[in-house]
file final-v8.pdb (PDB, C-alpha atoms and all ligand atoms)
ATOM      1  CA  MET A   1       8.811   7.819 -11.975
ATOM      2  CA  ILE A   2      10.430  10.046 -14.610
ATOM      3  CA  GLU A   3      12.783   8.087 -16.853
ATOM      4  CA  PRO A   4      16.416   9.268 -16.937
ATOM      5  CA  LEU A   5      17.187  11.059 -20.211
ATOM      6  CA  HIS A   6      19.980   8.677 -21.253
ATOM      7  CA  LEU A   7      17.488   5.788 -21.385
ATOM      8  CA  SER A   8      15.085   7.576 -23.725
ATOM      9  CA  THR A   9      17.866   8.846 -26.020
ATOM     10  CA  THR A  10      19.522   5.412 -26.173
ATOM     11  CA  ARG A  11      16.172   3.744 -26.897
ATOM     12  CA  GLU A  12      15.296   6.236 -29.645
ATOM     13  CA  SER A  13      18.704   5.883 -31.274
ATOM     14  CA  TYR A  14      18.622   2.072 -31.341
ATOM     15  CA  ASP A  15      14.994   2.061 -32.476
ATOM     16  CA  ARG A  16      15.958   4.272 -35.417
ATOM     17  CA  LEU A  17      19.062   2.297 -36.420
ATOM     18  CA  ALA A  18      18.051  -1.261 -35.475
ATOM     19  CA  GLY A  19      18.005  -2.556 -39.082
ATOM     20  CA  ASP A  20      21.464  -1.113 -39.908
ATOM     21  CA  TYR A  21      22.848  -2.397 -36.621
ATOM     22  CA  VAL A  22      21.814  -5.976 -37.359
ATOM     23  CA  GLU A  23      23.459  -5.934 -40.772
ATOM     24  CA  LEU A  24      26.679  -4.750 -39.166
ATOM     25  CA  VAL A  25      26.932  -6.971 -36.092
ATOM     26  CA  LEU A  26      25.640 -10.327 -37.244
ATOM     27  CA  PRO A  27      28.517 -11.030 -39.683
ATOM     28  CA  MET A  28      30.970  -9.492 -37.191
ATOM     29  CA  PHE A  29      29.982 -11.895 -34.413
ATOM     30  CA  GLU A  30      30.817 -14.875 -36.644
ATOM     31  CA  ASN A  31      34.481 -13.811 -36.563
ATOM     32  CA  GLU A  32      34.748 -12.598 -32.966
ATOM     33  CA  HIS A  33      36.562 -15.718 -31.839
ATOM     34  CA  LEU A  34      37.911 -14.310 -28.582
ATOM     35  CA  ASP A  35      34.509 -12.900 -27.587
ATOM     36  CA  ARG A  36      33.072 -16.338 -28.329
ATOM     37  CA  ALA A  37      35.773 -17.949 -26.175
ATOM     38  CA  ALA A  38      34.820 -15.710 -23.232
ATOM     39  CA  ILE A  39      31.131 -16.520 -23.768
ATOM     40  CA  ALA A  40      31.889 -20.263 -23.996
ATOM     41  CA  ALA A  41      33.808 -20.144 -20.696
ATOM     42  CA  PHE A  42      30.933 -18.232 -19.058
ATOM     43  CA  ALA A  43      28.408 -20.757 -20.401
ATOM     44  CA  GLY A  44      30.473 -23.710 -19.207
ATOM     45  CA  LEU A  45      30.742 -22.288 -15.693
ATOM     46  CA  VAL A  46      27.024 -21.469 -15.520
ATOM     47  CA  ARG A  47      26.161 -24.993 -16.680
ATOM     48  CA  ALA A  48      28.565 -26.477 -14.135
ATOM     49  CA  GLY A  49      26.880 -24.427 -11.398
ATOM     50  CA  GLY A  50      23.505 -25.805 -12.498
ATOM     51  CA  ALA A  51      21.947 -22.569 -11.354
ATOM     52  CA  GLY A  52      19.032 -21.268 -13.350
ATOM     53  CA  GLU A  53      18.332 -19.098 -16.346
ATOM     54  CA  VAL A  54      20.649 -16.609 -18.008
ATOM     55  CA  ALA A  55      19.640 -13.072 -18.979
ATOM     56  CA  ASP A  56      21.298 -11.355 -21.932
ATOM     57  CA  LEU A  57      20.884  -7.728 -20.865
ATOM     58  CA  GLY A  58      20.964  -5.226 -23.708
ATOM     59  CA  CYS A  59      20.567  -8.159 -26.088
ATOM     60  CA  GLY A  60      20.056  -6.060 -29.218
ATOM     61  CA  PRO A  61      18.845  -8.275 -32.074
ATOM     62  CA  GLY A  62      19.166 -11.448 -29.985
ATOM     63  CA  HIS A  63      21.957 -13.252 -31.855
ATOM     64  CA  VAL A  64      24.037 -13.721 -28.717
ATOM     65  CA  THR A  65      21.001 -14.878 -26.719
ATOM     66  CA  ALA A  66      20.490 -17.498 -29.457
ATOM     67  CA  HIS A  67      24.168 -18.418 -29.233
ATOM     68  CA  LEU A  68      23.812 -18.942 -25.456
ATOM     69  CA  HIS A  69      20.886 -21.246 -26.210
ATOM     70  CA  THR A  70      23.066 -23.324 -28.568
ATOM     71  CA  LEU A  71      25.606 -23.575 -25.722
ATOM     72  CA  GLY A  72      23.006 -25.383 -23.631
ATOM     73  CA  LEU A  73      21.735 -22.493 -21.505
ATOM     74  CA  THR A  74      18.166 -21.446 -20.876
ATOM     75  CA  ALA A  75      18.613 -17.872 -21.997
ATOM     76  CA  PHE A  76      16.347 -14.893 -22.568
ATOM     77  CA  GLY A  77      17.030 -11.357 -23.738
ATOM     78  CA  VAL A  78      16.088  -7.915 -22.424
ATOM     79  CA  ASP A  79      16.574  -4.660 -24.316
ATOM     80  CA  LEU A  80      15.467  -1.055 -24.022
ATOM     81  CA  SER A  81      14.640  -0.826 -27.715
ATOM     82  CA  PRO A  82      11.271  -2.245 -28.853
ATOM     83  CA  GLU A  83      12.618  -2.320 -32.440
ATOM     84  CA  MET A  84      15.537  -4.504 -31.370
ATOM     85  CA  ILE A  85      13.223  -6.796 -29.419
ATOM     86  CA  GLY A  86      10.919  -7.046 -32.445
ATOM     87  CA  LEU A  87      13.852  -8.132 -34.636
ATOM     88  CA  ALA A  88      14.991 -10.642 -32.008
ATOM     89  CA  ARG A  89      11.526 -12.164 -31.656
ATOM     90  CA  ARG A  90      11.161 -12.534 -35.408
ATOM     91  CA  ALA A  91      14.621 -14.090 -35.865
ATOM     92  CA  TYR A  92      14.418 -16.437 -32.855
ATOM     93  CA  PRO A  93      10.717 -17.142 -32.186
ATOM     94  CA  HIS A  94      11.589 -20.079 -29.897
ATOM     95  CA  LEU A  95      13.269 -17.725 -27.390
ATOM     96  CA  ARG A  96      11.933 -15.155 -24.946
ATOM     97  CA  PHE A  97      12.729 -11.456 -25.415
ATOM     98  CA  ASP A  98      11.416  -8.663 -23.196
ATOM     99  CA  VAL A  99      11.488  -4.891 -23.536
ATOM    100  CA  GLY A 100      12.982  -3.407 -20.372
ATOM    101  CA  SER A 101      15.929  -1.679 -18.759
ATOM    102  CA  MET A 102      18.824  -3.446 -17.110
ATOM    103  CA  THR A 103      18.521  -0.886 -14.320
ATOM    104  CA  ASP A 104      15.024  -2.015 -13.329
ATOM    105  CA  LEU A 105      14.497  -5.685 -14.133
ATOM    106  CA  ASP A 106      11.158  -7.363 -13.731
ATOM    107  CA  LEU A 107      12.786 -10.298 -11.929
ATOM    108  CA  ALA A 108      12.763 -11.551  -8.346
ATOM    109  CA  ASP A 109      15.934 -11.513  -6.262
ATOM    110  CA  GLY A 110      18.462 -14.298  -6.815
ATOM    111  CA  VAL A 111      16.752 -16.088  -9.700
ATOM    112  CA  LEU A 112      19.464 -16.082 -12.378
ATOM    113  CA  GLY A 113      22.375 -18.462 -12.900
ATOM    114  CA  GLY A 114      24.052 -15.914 -15.142
ATOM    115  CA  VAL A 115      23.944 -12.423 -16.579
ATOM    116  CA  LEU A 116      25.586 -11.464 -19.845
ATOM    117  CA  ALA A 117      25.926  -7.747 -20.563
ATOM    118  CA  ARG A 118      27.754  -7.469 -23.846
ATOM    119  CA  TYR A 119      28.613  -3.909 -24.937
ATOM    120  CA  SER A 120      25.377  -2.702 -23.369
ATOM    121  CA  ILE A 121      26.583  -0.951 -20.197
ATOM    122  CA  ILE A 122      28.565   1.403 -22.443
ATOM    123  CA  HIS A 123      25.554   3.699 -22.849
ATOM    124  CA  THR A 124      25.061   4.131 -19.103
ATOM    125  CA  PRO A 125      26.612   7.359 -17.786
ATOM    126  CA  PRO A 126      29.438   6.389 -15.424
ATOM    127  CA  ASP A 127      27.778   7.883 -12.340
ATOM    128  CA  ARG A 128      24.712   5.668 -12.987
ATOM    129  CA  LEU A 129      26.633   2.450 -13.558
ATOM    130  CA  PRO A 130      26.685   1.403  -9.856
ATOM    131  CA  GLU A 131      22.860   1.318 -10.024
ATOM    132  CA  ALA A 132      22.943  -1.146 -12.963
ATOM    133  CA  LEU A 133      25.608  -3.334 -11.327
ATOM    134  CA  ALA A 134      23.566  -3.443  -8.105
ATOM    135  CA  GLU A 135      20.601  -4.673 -10.160
ATOM    136  CA  PHE A 136      22.768  -7.423 -11.719
ATOM    137  CA  TYR A 137      23.867  -8.435  -8.209
ATOM    138  CA  ARG A 138      20.269  -8.480  -6.954
ATOM    139  CA  VAL A 139      18.965 -10.837  -9.642
ATOM    140  CA  LEU A 140      21.914 -13.258  -9.576
ATOM    141  CA  ALA A 141      21.625 -16.396  -7.481
ATOM    142  CA  PRO A 142      24.427 -17.015  -4.978
ATOM    143  CA  GLY A 143      27.245 -18.499  -7.076
ATOM    144  CA  GLY A 144      25.783 -16.959 -10.263
ATOM    145  CA  LEU A 145      28.096 -15.433 -12.872
ATOM    146  CA  LEU A 146      28.235 -12.120 -14.706
ATOM    147  CA  LEU A 147      30.148 -11.631 -17.953
ATOM    148  CA  LEU A 148      30.586  -7.934 -18.677
ATOM    149  CA  SER A 149      32.019  -6.868 -22.041
ATOM    150  CA  PHE A 150      32.882  -3.301 -22.989
ATOM    151  CA  GLN A 151      35.179  -1.038 -24.959
ATOM    152  CA  ALA A 152      38.162  -0.366 -22.733
ATOM    153  CA  HIS A 153      40.658   2.340 -21.930
ATOM    154  CA  ASP A 154      44.267   1.198 -22.090
ATOM    155  CA  GLU A 155      45.387   3.614 -19.368
ATOM    156  CA  PRO A 156      44.677   1.762 -16.068
ATOM    157  CA  SER A 157      44.116   4.868 -13.972
ATOM    158  CA  ALA A 158      42.104   6.805 -16.571
ATOM    159  CA  PRO A 159      38.557   7.789 -15.603
ATOM    160  CA  PRO A 160      35.698   6.581 -17.815
ATOM    161  CA  GLU A 161      35.661   8.534 -21.054
ATOM    162  CA  ALA A 162      32.909   9.313 -23.560
ATOM    163  CA  PHE A 163      33.624   8.180 -27.102
ATOM    164  CA  ASP A 164      32.055   8.777 -30.459
ATOM    165  CA  HIS A 165      29.809   5.716 -30.808
ATOM    166  CA  ALA A 166      27.885   5.332 -34.088
ATOM    167  CA  VAL A 167      24.479   4.961 -32.397
ATOM    168  CA  ALA A 168      24.369   6.715 -29.012
ATOM    169  CA  THR A 169      26.678   8.357 -26.491
ATOM    170  CA  ALA A 170      28.932   5.714 -25.000
ATOM    171  CA  TYR A 171      31.700   5.447 -22.409
ATOM    172  CA  ARG A 172      34.791   3.291 -22.261
ATOM    173  CA  TRP A 173      36.307   2.178 -18.992
ATOM    174  CA  SER A 174      39.676   1.093 -17.709
ATOM    175  CA  PRO A 175      39.244  -2.628 -16.876
ATOM    176  CA  ASP A 176      40.903  -1.999 -13.486
ATOM    177  CA  ARG A 177      38.415   0.728 -12.614
ATOM    178  CA  LEU A 178      35.429  -1.316 -13.675
ATOM    179  CA  ALA A 179      36.762  -4.362 -11.813
ATOM    180  CA  GLU A 180      36.974  -2.183  -8.694
ATOM    181  CA  LEU A 181      33.362  -1.079  -9.125
ATOM    182  CA  LEU A 182      32.289  -4.716  -9.461
ATOM    183  CA  ARG A 183      34.202  -5.523  -6.253
ATOM    184  CA  GLU A 184      32.442  -2.675  -4.469
ATOM    185  CA  THR A 185      29.120  -4.169  -5.642
ATOM    186  CA  GLY A 186      30.038  -7.415  -3.883
ATOM    187  CA  LEU A 187      31.042  -9.437  -6.944
ATOM    188  CA  VAL A 188      34.254 -11.458  -6.955
ATOM    189  CA  GLU A 189      36.521 -11.500  -9.999
ATOM    190  CA  VAL A 190      37.002 -14.910 -11.635
ATOM    191  CA  ALA A 191      38.871 -13.945 -14.820
ATOM    192  CA  ARG A 192      39.445 -11.186 -17.330
ATOM    193  CA  LEU A 193      40.230 -11.206 -21.037
ATOM    194  CA  ILE A 194      41.526  -8.024 -22.647
ATOM    195  CA  LEU A 195      41.677  -7.831 -26.421
ATOM    196  CA  ALA A 196      44.294  -5.426 -27.736
ATOM    197  CA  GLY A 197      42.957  -2.488 -29.742
ATOM    198  CA  SER A 198      43.308  -2.970 -33.467
ATOM    199  CA  GLU A 199      41.877  -1.418 -36.566
ATOM    200  CA  ASP A 200      39.300  -4.156 -36.963
ATOM    201  CA  ALA A 201      38.279  -4.071 -33.279
ATOM    202  CA  LYS A 202      35.236  -2.036 -32.263
ATOM    203  CA  ARG A 203      36.387   1.582 -32.761
ATOM    204  CA  GLY A 204      40.011   0.434 -32.543
ATOM    205  CA  PHE A 205      39.806   0.397 -28.743
ATOM    206  CA  PRO A 206      40.823  -2.545 -26.574
ATOM    207  CA  GLN A 207      37.852  -4.654 -25.515
ATOM    208  CA  ALA A 208      37.478  -6.116 -22.059
ATOM    209  CA  HIS A 209      35.566  -9.123 -20.799
ATOM    210  CA  LEU A 210      35.308  -9.310 -17.008
ATOM    211  CA  LEU A 211      33.925 -12.502 -15.493
ATOM    212  CA  VAL A 212      32.751 -12.174 -11.888
ATOM    213  CA  ARG A 213      30.749 -14.274  -9.478
ATOM    214  CA  LYS A 214      28.242 -13.491  -6.732
ATOM    215  CA  PRO A 215      29.611 -15.132  -3.608
ATOM    216  CA  VAL A 216      27.695 -18.135  -2.320
ATOM    217  CA  GLU A 217      27.587 -16.554   1.117
ATOM    218  CA  SER A 218      26.955 -12.831   0.951
TER
HETATM  219  C1  LIG A 301      26.078  -1.982 -28.638
HETATM  220  S1  LIG A 301      24.510  -2.762 -28.548
HETATM  221  C2  LIG A 301      24.962  -4.413 -28.055
HETATM  222  C3  LIG A 301      23.930  -5.443 -28.461
HETATM  223  C4  LIG A 301      24.325  -6.897 -28.180
HETATM  224  N1  LIG A 301      24.520  -7.130 -26.755
HETATM  225  C5  LIG A 301      25.554  -7.303 -28.946
HETATM  226  O1  LIG A 301      26.457  -7.847 -28.336
HETATM  227  O2  LIG A 301      25.593  -7.075 -30.177
HETATM  228  C6  LIG A 301      23.856  -2.104 -27.049
HETATM  229  C7  LIG A 301      22.433  -2.558 -26.747
HETATM  230  O3  LIG A 301      22.159  -2.290 -25.376
HETATM  231  C8  LIG A 301      20.849  -1.773 -25.267
HETATM  232  N2  LIG A 301      20.798  -1.001 -24.010
HETATM  233  C9  LIG A 301      21.482   0.123 -23.693
HETATM  234  N3  LIG A 301      21.174   0.519 -22.446
HETATM  235  C10 LIG A 301      20.265  -0.378 -21.967
HETATM  236  C11 LIG A 301      19.544  -0.512 -20.743
HETATM  237  N4  LIG A 301      19.677   0.388 -19.749
HETATM  238  N5  LIG A 301      18.733  -1.571 -20.590
HETATM  239  C12 LIG A 301      18.550  -2.473 -21.591
HETATM  240  N6  LIG A 301      19.186  -2.384 -22.781
HETATM  241  C13 LIG A 301      20.040  -1.352 -22.968
HETATM  242  C14 LIG A 301      20.643  -0.965 -26.532
HETATM  243  O4  LIG A 301      19.264  -0.756 -26.815
HETATM  244  C15 LIG A 301      21.356  -1.847 -27.560
HETATM  245  O5  LIG A 301      20.476  -2.790 -28.139
END
call {"tool": "encode", "arguments": {"input": "final-v8.pdb", "output": "C-alpha cells"}}
result
Amino acid sequence: MIEPLHLSTTRESYDRLAGDYVELVLPMFENEHLDRAAIAAFAGLVRAGGAGEVADLGCGPGHVTAHLHTLGLTAFGVDLSPEMIGLARRAYPHLRFDVGSMTDLDLADGVLGGVLARYSIIHTPPDRLPEALAEFYRVLAPGGLLLLSFQAHDEPSAPPEAFDHAVATAYRWSPDRLAELLRETGLVEVARLILAGSEDAKRGFPQAHLLVRKPVES
C-alpha cells in the first residue's frame, strides 16, 4: 500500500530534528505540572482497571513512556521516526519502543489497558484523524482509557486549523470538536483539562487533555 504523504514528511522532519527536539522537550516536561497531573490521573485509572499494557503513541524520545513506567504501568512506545525510536531505546534500554504508525498498529484487537497520544495526533490531517481514532478504539480493551493531548483552539465552533509548528505541519482543534469526534468513534468522555494559552505554553495556544474510555459493552 502506498503510504500517505503526511506520514513520510512527518517522519523525515522528526528524523532530521530528533536531537534538537530532545534538548527542547526533556527540560520542558519537568515543569509541565498540569500535563503531569493529567497523566497521573490517567495512570491511576488504568491501574485501577487492571487492564493490560499502555501504548504511548507518537512517543518521540520516550521520556513520557519512561514516566508512565515510573507510575507503575507496563508501557511501551511507538513512533513513526526511526531516529526518535533510536534515541528512546538508548535512553531507556529497559523499555520497549517500536517504529510504526498510530494509524496501523501491529497489535491485536482489545489488548491495551490504555493509550496515551501526547501532541502526536497534531500532525495528522483533520480528514484522516477519524482513521487514527478508530485504530485507538480497536486496540483498547473494553474499559480501557485514552488520554489525548493537543494544542487547542479557543473558539469552540472553529474548524481544525493548521499552525506553524517548528518541525512539521500541525493542526490545532477545538476541544469540543475533537470530543465530538471521539464520541462518534464510540469513546465516552471521562474528563477534560484545558490549559489556558500563555507565552510559555506550546506556541502560546491553549492545550487540551481529553480523557475518554472505551465502553465495557460496545
Ligand atoms: C510533538 S512530538 C510529541 C512527542 C511526545 N509524545 C511528547 O510528548 O514529547 C510528535 C511525535 O509524534 C510522532 N508521530 C506523528 N505522527 C505519527 C504517527 N502517525 N504515528 C506514530 N507517530 C507519529 C512524531 O514522529 C513525533 O515523534
call {"tool": "residues_around", "arguments": {"input": "final-v8.pdb", "residues": "Asp176 (chain A)", "least_positions_apart": "3", "cutoff": "9 Å", "atoms": "only C-alpha atoms", "output": "PyMOL selection string"}}
result
chain A and resi 156-157+173+179-181
call {"tool": "axis_aligned_box", "arguments": {"input": "final-v8.pdb", "around": "ligand LIG 301 (chain A)", "padding_each_side": "3 Å", "output": "AutoDock Vina command-line options"}}
result
--center_x 22.5 --center_y -3.7 --center_z -25.0 --size_x 13.9 --size_y 14.4 --size_z 16.4
call {"tool": "closest_residue", "arguments": {"input": "final-v8.pdb", "among": "A:Leu87, A:Leu7, A:Leu116, A:Tyr14", "to": "Ala40 (chain A)", "atoms": "only C-alpha atoms"}}
result
A:Leu116
call {"tool": "residues_near_ligand", "arguments": {"input": "final-v8.pdb", "ligand": "ligand LIG 301 (chain A)", "cutoff": "7 Å", "atoms": "all atoms listed in the file", "output": "MDAnalysis selection string"}}
result
chainID A and resid 7 10:11 14 25 57:61 64 78:81 84 100:103 117:121 123:124
call {"tool": "resolve_selection", "arguments": {"input": "final-v8.pdb", "expression": "the PyMOL selection byres (((chain A and resi 20) around 12) and not hetatm)", "output": "PyMOL selection string"}}
result
chain A and resi 13-19+21-26+60-61+83-84+87+166-167
call {"tool": "closest_residue", "arguments": {"input": "final-v8.pdb", "among": "A:Gly197, A:Pro159, A:Ser149, A:Ala141", "to": "Glu217 (chain A)", "atoms": "only C-alpha atoms"}}
result
A:Ala141
call {"tool": "atom_distance", "arguments": {"input": "final-v8.pdb", "atom1": "CA of Ala43 (chain A)", "atom2": "CA of Ala55 (chain A)"}}
result
11.7 Å
call {"tool": "closest_residue", "arguments": {"input": "final-v8.pdb", "among": "A:Ala91, A:Ala134, A:Ala38, A:Leu140", "to": "Glu184 (chain A)", "atoms": "only C-alpha atoms"}}
result
A:Ala134
call {"tool": "atom_distance", "arguments": {"input": "final-v8.pdb", "atom1": "CA of Val46 (chain A)", "atom2": "CA of Gly144 (chain A)"}}
result
7.0 Å
call {"tool": "residues_near_point", "arguments": {"input": "final-v8.pdb", "point": "(31.0, -19.3, -19.8)", "cutoff": "12 Å", "atoms": "only C-alpha atoms", "output": "JSON, numbers by chain"}}
result
{"A": [35, 36, 37, 38, 39, 40, 41, 42, 43, 44, 45, 46, 47, 48, 49, 54, 67, 68, 71, 72, 73, 113, 114, 115, 116, 144, 145, 146, 147, 148, 190, 191, 192, 209, 210, 211, 212, 213]}
call {"tool": "closest_residue", "arguments": {"input": "final-v8.pdb", "among": "A:Gly50, A:Pro4, A:Gly86, A:Pro175", "to": "Pro125 (chain A)", "atoms": "all atoms listed in the file"}}
result
A:Pro4
call {"tool": "closest_residue", "arguments": {"input": "final-v8.pdb", "among": "A:Asp164, A:Glu155, A:Glu135, A:Asp104", "to": "Met1 (chain A)", "atoms": "only C-alpha atoms"}}
result
A:Asp104
call {"tool": "closest_residue", "arguments": {"input": "final-v8.pdb", "among": "A:Pro215, A:Pro27, A:Gly186, A:Gly62", "to": "Pro130 (chain A)", "atoms": "only C-alpha atoms"}}
result
A:Gly186
call {"tool": "resolve_selection", "arguments": {"input": "final-v8.pdb", "expression": "the PyMOL selection byres (((chain A and resi 75) around 8) and not hetatm)", "output": "JSON, numbers by chain"}}
result
{"A": [53, 54, 55, 56, 65, 66, 68, 69, 73, 74, 76, 77, 95, 96]}
call {"tool": "residues_around", "arguments": {"input": "final-v8.pdb", "residues": "Ala158 (chain A)", "least_positions_apart": "4", "cutoff": "9 Å", "atoms": "only C-alpha atoms", "output": "list in words"}}
result
His153, Asp154, Trp173, Ser174 and Arg177 of chain A
call {"tool": "atom_distance", "arguments": {"input": "final-v8.pdb", "atom1": "CA of Ala208 (chain A)", "atom2": "CA of His6 (chain A)"}}
result
22.9 Å
call {"tool": "residues_around", "arguments": {"input": "final-v8.pdb", "residues": "Ser198 (chain A)", "least_positions_apart": "5", "cutoff": "12 Å", "atoms": "only C-alpha atoms", "output": "list in words"}}
result
Gln151, Arg203, Gly204, Phe205, Pro206 and Gln207 of chain A
